[in-house]
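Chemist: Pasting a structure here, questions to come.
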Amino acid sequence: NAGVMQNPRHLVRRRGQEARLRCSPMKGHSHVYWYRQLPEEGLKFMVYLQKENIIDESGMPKERFSAEFPKEGPSILRIQQVVRGDSAAYFCASSPSTGRQETQYFGPGTRLLVL
Amino acid sequence: AQSVTQLDSQVPVFEEAPVELRCNYSSSVSVYLFWYVQYPNQGLQLLLKYLSGSTLVKGINGFEAEFNKSQTSFHLRKPSVHISDTAEYFCAVPVDYKLSFGAGTTVTVRA
């Protein structure tokens, strides 16, 4: 059973460009979570999605960031008009169901560098 | 509010020596706790988790942790570390479906 897949692993963008990060959850997992790891700030929750629904986006910046998890295909985290402060590692996790006792399985991350 | 605090940001240790990484939690509800490991330039991997039952939890790679309710702690231990244990270790508590992570402890194992 393949783990959580993320691509690209590394992404370089210039200020003002768009960044698109993809996440394919583990087989059988319909719950996807995105976290961001900023230098010196640790891992922070961004958004939680189920198929075709955003359940909680309370950790996501209100502007320029969006996320989706369509019926078919991977979950996408999209950052428009990137700025240097968006440089970070973005991790996707998935779980087969939701709840405080559920283990979230993490992908290898996408490391975004904004020049 | 539920949160965790990792008391050490850096822990240098010699190969084959024991290591303990400290994590304290605050919670007003029943506690579930997780330890994850992040190897350099990789994602997070679950080491172990406490849901209920035995307070001594055994995980992968020889790690174990003890849940101590009176001290509100969940410290991670390994009796003898290897060079390959060099990594960052995160304690986490679930807040509903979100994981709230501690700041992380970087373990550097030296020969």
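Lettering and numbering for the structure tokens are positional, with chains as A, B, ... in the shown order, residues counted from 1 in each chain, and ligands counted from 1 in the shown order.
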Got a sec to pull out which chain A residues are within 6 Å of chain B, counting only C-alpha atoms, and send them as a list in words?
Modeler: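 Taking only C-alpha atoms into account, Gly42, Gly99, Arg100, Phe106, Gly107, Pro108 and Gly109 of chain A sit within 6 Å of chain B.
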Chemist: Could you write out that same residue set with N, CA, C and O atoms as an mmCIF file, in the first residue's frame?
Modeler:
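Here's the written file part07.cif:
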```cif
data_model
loop_
_atom_site.group_PDB
_atom_site.id
_atom_site.type_symbol
_atom_site.label_atom_id
_atom_site.label_comp_id
_atom_site.auth_asym_id
_atom_site.auth_seq_id
_atom_site.Cartn_x
_atom_site.Cartn_y
_atom_site.Cartn_z
ATOM 1 N N GLY A 42 7.579 25.837 13.599
ATOM 2 C CA GLY A 42 6.974 24.538 13.822
ATOM 3 C C GLY A 42 5.849 24.252 12.848
ATOM 4 O O GLY A 42 5.571 24.995 11.920
ATOM 5 N N GLY A 99 -11.323 11.761 13.805
ATOM 6 C CA GLY A 99 -11.508 11.596 15.233
ATOM 7 C C GLY A 99 -10.180 11.787 15.932
ATOM 8 O O GLY A 99 -9.108 11.658 15.324
ATOM 9 N N ARG A 100 -10.257 12.102 17.210
ATOM 10 C CA ARG A 100 -9.043 12.451 17.954
ATOM 11 C C ARG A 100 -8.086 11.265 18.071
ATOM 12 O O ARG A 100 -6.888 11.445 18.242
ATOM 13 N N PHE A 106 1.567 10.997 7.104
ATOM 14 C CA PHE A 106 2.105 12.159 6.420
ATOM 15 C C PHE A 106 2.861 11.791 5.145
ATOM 16 O O PHE A 106 3.520 10.753 5.069
ATOM 17 N N GLY A 107 2.763 12.698 4.188
ATOM 18 C CA GLY A 107 3.582 12.600 2.989
ATOM 19 C C GLY A 107 4.953 13.203 3.216
ATOM 20 O O GLY A 107 5.228 13.752 4.281
ATOM 21 N N PRO A 108 5.816 13.132 2.203
ATOM 22 C CA PRO A 108 7.196 13.625 2.339
ATOM 23 C C PRO A 108 7.316 15.138 2.298
ATOM 24 O O PRO A 108 8.366 15.687 2.597
ATOM 25 N N GLY A 109 6.233 15.807 1.922
ATOM 26 C CA GLY A 109 6.251 17.259 1.914
ATOM 27 C C GLY A 109 6.669 17.856 0.578
ATOM 28 O O GLY A 109 7.329 17.217 -0.248
#
```
Chemist: Mind listing the strand (DSSP E or B) residues of region 28-95 of chain A, per DSSP on the backbone, as a PyMOL selection string?
Modeler: chain A and resi 31-38+42-50+53-56+65-68+75-79+88-95
Chemist: Go ahead and dump the residues you just picked, N, CA, C and O atoms, as a short mmCIF file (atom, residue, chain, number, x, y, z; two decimals), in the first residue's frame.
Modeler:
```
data_model
loop_
_atom_site.label_atom_id
_atom_site.label_comp_id
_atom_site.auth_asym_id
_atom_site.auth_seq_id
_atom_site.Cartn_x
_atom_site.Cartn_y
_atom_site.Cartn_z
N HIS A 31 -9.90 11.44 4.09
CA HIS A 31 -9.71 12.65 4.91
C HIS A 31 -8.29 13.14 4.68
O HIS A 31 -7.33 12.39 4.85
N VAL A 32 -8.19 14.40 4.32
CA VAL A 32 -6.90 15.01 3.99
C VAL A 32 -6.68 16.28 4.81
O VAL A 32 -7.61 17.06 5.00
N TYR A 33 -5.48 16.43 5.30
CA TYR A 33 -5.11 17.58 6.12
C TYR A 33 -3.85 18.20 5.54
O TYR A 33 -2.94 17.47 5.13
N TRP A 34 -3.78 19.50 5.55
CA TRP A 34 -2.56 20.19 5.12
C TRP A 34 -1.98 20.93 6.32
O TRP A 34 -2.71 21.60 7.08
N TYR A 35 -0.67 20.83 6.44
CA TYR A 35 0.08 21.53 7.49
C TYR A 35 1.23 22.29 6.85
O TYR A 35 1.75 21.89 5.80
N ARG A 36 1.63 23.35 7.51
CA ARG A 36 2.77 24.14 7.02
C ARG A 36 3.84 24.18 8.11
O ARG A 36 3.53 24.36 9.30
N GLN A 37 5.07 24.03 7.67
CA GLN A 37 6.20 24.09 8.59
C GLN A 37 7.07 25.27 8.18
O GLN A 37 7.83 25.20 7.22
N LEU A 38 6.92 26.37 8.90
CA LEU A 38 7.71 27.56 8.64
C LEU A 38 8.98 27.50 9.46
O LEU A 38 8.96 26.97 10.59
N GLY A 42 7.58 25.84 13.60
CA GLY A 42 6.97 24.54 13.82
C GLY A 42 5.85 24.25 12.85
O GLY A 42 5.57 25.00 11.92
N LEU A 43 5.18 23.14 13.10
CA LEU A 43 4.12 22.66 12.22
C LEU A 43 2.78 23.21 12.63
O LEU A 43 2.36 23.06 13.79
N LYS A 44 2.08 23.79 11.67
CA LYS A 44 0.77 24.36 11.98
C LYS A 44 -0.28 23.83 11.01
O LYS A 44 -0.05 23.74 9.80
N PHE A 45 -1.44 23.54 11.56
CA PHE A 45 -2.57 23.09 10.76
C PHE A 45 -3.05 24.20 9.84
O PHE A 45 -3.10 25.36 10.23
N MET A 46 -3.38 23.81 8.60
CA MET A 46 -3.93 24.80 7.67
C MET A 46 -5.39 24.50 7.33
O MET A 46 -6.27 25.33 7.53
N VAL A 47 -5.65 23.29 6.82
CA VAL A 47 -6.98 22.99 6.31
C VAL A 47 -7.24 21.49 6.36
O VAL A 47 -6.32 20.68 6.27
N TYR A 48 -8.54 21.17 6.53
CA TYR A 48 -8.98 19.78 6.57
C TYR A 48 -10.08 19.61 5.52
O TYR A 48 -11.04 20.38 5.49
N LEU A 49 -9.91 18.59 4.67
CA LEU A 49 -10.87 18.36 3.60
C LEU A 49 -11.30 16.91 3.57
O LEU A 49 -10.54 16.00 3.90
N GLN A 50 -12.53 16.73 3.18
CA GLN A 50 -13.01 15.42 2.76
C GLN A 50 -13.35 15.56 1.27
O GLN A 50 -13.37 16.66 0.73
N ASN A 53 -15.35 18.47 -0.18
CA ASN A 53 -15.77 19.40 0.88
C ASN A 53 -14.58 19.93 1.68
O ASN A 53 -13.69 19.17 2.05
N ILE A 54 -14.61 21.21 1.95
CA ILE A 54 -13.67 21.80 2.92
C ILE A 54 -14.38 21.80 4.26
O ILE A 54 -15.44 22.40 4.43
N ILE A 55 -13.79 21.09 5.22
CA ILE A 55 -14.43 20.97 6.52
C ILE A 55 -13.97 22.10 7.45
O ILE A 55 -14.76 22.67 8.19
N ASP A 56 -12.68 22.40 7.40
CA ASP A 56 -12.14 23.42 8.31
C ASP A 56 -10.93 24.06 7.64
O ASP A 56 -9.95 23.38 7.38
N PHE A 65 -4.58 31.85 -0.60
CA PHE A 65 -4.50 30.40 -0.38
C PHE A 65 -5.87 29.77 -0.61
O PHE A 65 -6.89 30.30 -0.17
N SER A 66 -5.86 28.61 -1.28
CA SER A 66 -7.09 27.85 -1.43
C SER A 66 -6.73 26.37 -1.50
O SER A 66 -5.60 26.01 -1.80
N ALA A 67 -7.72 25.55 -1.19
CA ALA A 67 -7.49 24.11 -1.21
C ALA A 67 -8.73 23.43 -1.75
O ALA A 67 -9.85 23.93 -1.60
N GLU A 68 -8.50 22.28 -2.38
CA GLU A 68 -9.61 21.50 -2.87
C GLU A 68 -9.25 20.02 -2.81
O GLU A 68 -8.07 19.65 -2.80
N SER A 75 -5.69 16.00 -3.89
CA SER A 75 -5.98 17.27 -3.24
C SER A 75 -4.94 18.29 -3.71
O SER A 75 -3.77 17.96 -3.92
N ILE A 76 -5.39 19.52 -3.88
CA ILE A 76 -4.52 20.59 -4.37
C ILE A 76 -4.52 21.72 -3.35
O ILE A 76 -5.59 22.16 -2.90
N LEU A 77 -3.33 22.17 -3.01
CA LEU A 77 -3.18 23.41 -2.23
C LEU A 77 -2.60 24.43 -3.20
O LEU A 77 -1.55 24.20 -3.81
N ARG A 78 -3.30 25.55 -3.32
CA ARG A 78 -2.92 26.54 -4.31
C ARG A 78 -2.58 27.84 -3.61
O ARG A 78 -3.33 28.30 -2.75
N ILE A 79 -1.45 28.39 -4.00
CA ILE A 79 -1.04 29.67 -3.44
C ILE A 79 -0.86 30.63 -4.61
O ILE A 79 -0.01 30.42 -5.48
N ALA A 88 8.33 27.63 2.71
CA ALA A 88 8.09 26.72 3.84
C ALA A 88 8.01 25.31 3.28
O ALA A 88 8.01 25.10 2.07
N ALA A 89 7.89 24.36 4.21
CA ALA A 89 7.58 22.99 3.82
C ALA A 89 6.10 22.76 4.07
O ALA A 89 5.59 23.10 5.15
N TYR A 90 5.42 22.23 3.08
CA TYR A 90 3.98 21.99 3.17
C TYR A 90 3.76 20.48 3.18
O TYR A 90 4.18 19.77 2.27
N PHE A 91 3.11 20.03 4.24
CA PHE A 91 2.88 18.60 4.40
C PHE A 91 1.39 18.29 4.30
O PHE A 91 0.55 19.00 4.83
N CYS A 92 1.14 17.20 3.64
CA CYS A 92 -0.21 16.66 3.55
C CYS A 92 -0.26 15.40 4.40
O CYS A 92 0.73 14.65 4.47
N ALA A 93 -1.38 15.17 5.04
CA ALA A 93 -1.60 13.94 5.80
C ALA A 93 -2.97 13.40 5.44
O ALA A 93 -3.86 14.15 5.00
N SER A 94 -3.14 12.10 5.63
CA SER A 94 -4.45 11.52 5.38
C SER A 94 -4.80 10.52 6.46
O SER A 94 -3.92 10.02 7.18
N SER A 95 -6.09 10.24 6.58
CA SER A 95 -6.55 9.23 7.53
C SER A 95 -7.80 8.57 6.96
O SER A 95 -8.51 9.16 6.14
#
```
Chemist: Quick one, how far is CA of Val4 (chain A) from CA of Pro40 (chain B)?
Modeler: 17.6 Å
Chemist: Would you work out the distance separating CA of Gln80 (chain A) from CA of Pro39 (chain A), expressed in Å to one decimal?
Modeler: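 So the two atoms, CA of Gln80 (chain A) and CA of Pro39 (chain A), lie 20.6 Å apart.
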Chemist: At a cut-off of 7 Å, using only C-alpha atoms, what residues contact Pro96 (chain A)? Leave out same-chain residues fewer than 6 positions from it and give the result as a PyMOL selection string.
Modeler: chain A and resi 28-31
Chemist: Kindly save the residues from that selection, with C-alpha atoms included, as an mmCIF file, in the first residue's frame.
Modeler:
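See out_27.cif below for the written result:
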```
data_model
loop_
_atom_site.group_PDB
_atom_site.id
_atom_site.type_symbol
_atom_site.label_atom_id
_atom_site.label_comp_id
_atom_site.auth_asym_id
_atom_site.auth_seq_id
_atom_site.Cartn_x
_atom_site.Cartn_y
_atom_site.Cartn_z
ATOM 1 C CA GLY A 28 -8.893 4.082 1.216
ATOM 2 C CA HIS A 29 -8.322 7.401 2.994
ATOM 3 C CA SER A 30 -10.910 10.078 2.349
ATOM 4 C CA HIS A 31 -9.710 12.645 4.905
#
```
Chemist: Hey, which of A:Lys51, A:Gln104, A:Met5, A:Lys62 ends up closest to Ser24 (chain A)? Count only C-alpha atoms.
Modeler: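 Among the listed residues, A:Met5 lies closest to Ser24 (chain A).
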Chemist: Tell me, as a PDB file with N, CA and C atoms, in the first residue's frame, which residues lie within 7 Å of Ala17 (chain B), counting only C-alpha atoms; anything in the same chain fewer than 3 positions away does not count.
Modeler:
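Saved the output as selection21.pdb:
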```
ATOM      1  N   VAL B  13      23.541  13.722  21.853  1.00  0.00           N
ATOM      2  CA  VAL B  13      23.740  12.484  22.590  1.00  0.00           C
ATOM      3  C   VAL B  13      24.754  11.624  21.847  1.00  0.00           C
ATOM      4  N   PHE B  14      25.529  10.859  22.622  1.00  0.00           N
ATOM      5  CA  PHE B  14      26.496   9.960  21.999  1.00  0.00           C
ATOM      6  C   PHE B  14      25.825   8.647  21.620  1.00  0.00           C
ATOM      7  N   PRO B  79      16.682   3.469  25.128  1.00  0.00           N
ATOM      8  CA  PRO B  79      17.802   3.093  26.002  1.00  0.00           C
ATOM      9  C   PRO B  79      19.174   3.196  25.335  1.00  0.00           C
ATOM     10  N   SER B  80      19.215   3.075  23.998  1.00  0.00           N
ATOM     11  CA  SER B  80      20.507   3.087  23.314  1.00  0.00           C
ATOM     12  C   SER B  80      20.295   3.621  21.890  1.00  0.00           C
ATOM     13  N   VAL B  81      20.810   4.791  21.614  1.00  0.00           N
ATOM     14  CA  VAL B  81      20.525   5.409  20.319  1.00  0.00           C
ATOM     15  C   VAL B  81      21.575   5.041  19.280  1.00  0.00           C
TER      16      VAL B  81
END
```
Chemist: Skipping near chain neighbours, those fewer than 5 positions away, what residues fall within 12 Å of Val109 (chain B) using only C-alpha atoms, listed as a ChimeraX atom specification?
Modeler: /B:10-19,80-88
Chemist: Give me the residues within 9 Å of Asn68 (chain B) as a list in words, counting only C-alpha atoms and dropping any in the same chain fewer than 6 places off.
Modeler: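 The residues that qualify are Thr55, Phe74 and His75 of chain B.
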Chemist: Go ahead and dump the residues you just picked, N, CA and C atoms, as a short mmCIF file (atom, residue, chain, number, x, y, z; two decimals), in the first residue's frame.
Modeler:
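out_8.cif written:
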```
data_model
loop_
_atom_site.label_atom_id
_atom_site.label_comp_id
_atom_site.auth_asym_id
_atom_site.auth_seq_id
_atom_site.Cartn_x
_atom_site.Cartn_y
_atom_site.Cartn_z
N THR B 55 0.04 2.69 30.60
CA THR B 55 0.69 4.00 30.51
C THR B 55 2.05 3.91 29.83
N PHE B 74 4.43 13.12 28.91
CA PHE B 74 4.46 11.98 27.98
C PHE B 74 5.87 11.97 27.38
N HIS B 75 6.83 11.59 28.18
CA HIS B 75 8.24 11.64 27.76
C HIS B 75 8.60 10.44 26.91
#
```
Chemist: For Ser73 (chain B), work out the shell of residues within 8 Å, counting only C-alpha atoms and skipping chain neighbours fewer than 4 positions away, then give it as a PyMOL selection string.
Modeler: chain B and resi 22-25+66-69
Chemist: Which value, in Å to one decimal, gives the distance between CA of Trp35 (chain B) and CA of Pro25 (chain A)?
Modeler: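 Interatomic distance here is 21.0 Å.
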Chemist: Could you pull out all residues of region 53-97 of chain B with a DSSP call of helix (DSSP H, G or I) and give them as number ranges by chain?
Modeler: B: 60-62, 83-85
Chemist: Keeping only C-alpha atoms, take the residues you just selected and write them out as an mmCIF file, in the first residue's frame.
Modeler:
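Output file result_15.cif is given in full below:
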```
data_model
loop_
_atom_site.group_PDB
_atom_site.id
_atom_site.type_symbol
_atom_site.label_atom_id
_atom_site.label_comp_id
_atom_site.auth_asym_id
_atom_site.auth_seq_id
_atom_site.Cartn_x
_atom_site.Cartn_y
_atom_site.Cartn_z
ATOM 1 C CA ILE B 60 8.858 1.558 16.496
ATOM 2 C CA ASN B 61 12.656 1.610 16.363
ATOM 3 C CA GLY B 62 13.033 0.793 20.065
ATOM 4 C CA ILE B 83 23.429 7.459 14.457
ATOM 5 C CA SER B 84 20.296 6.874 12.383
ATOM 6 C CA ASP B 85 18.147 8.293 15.194
#
```
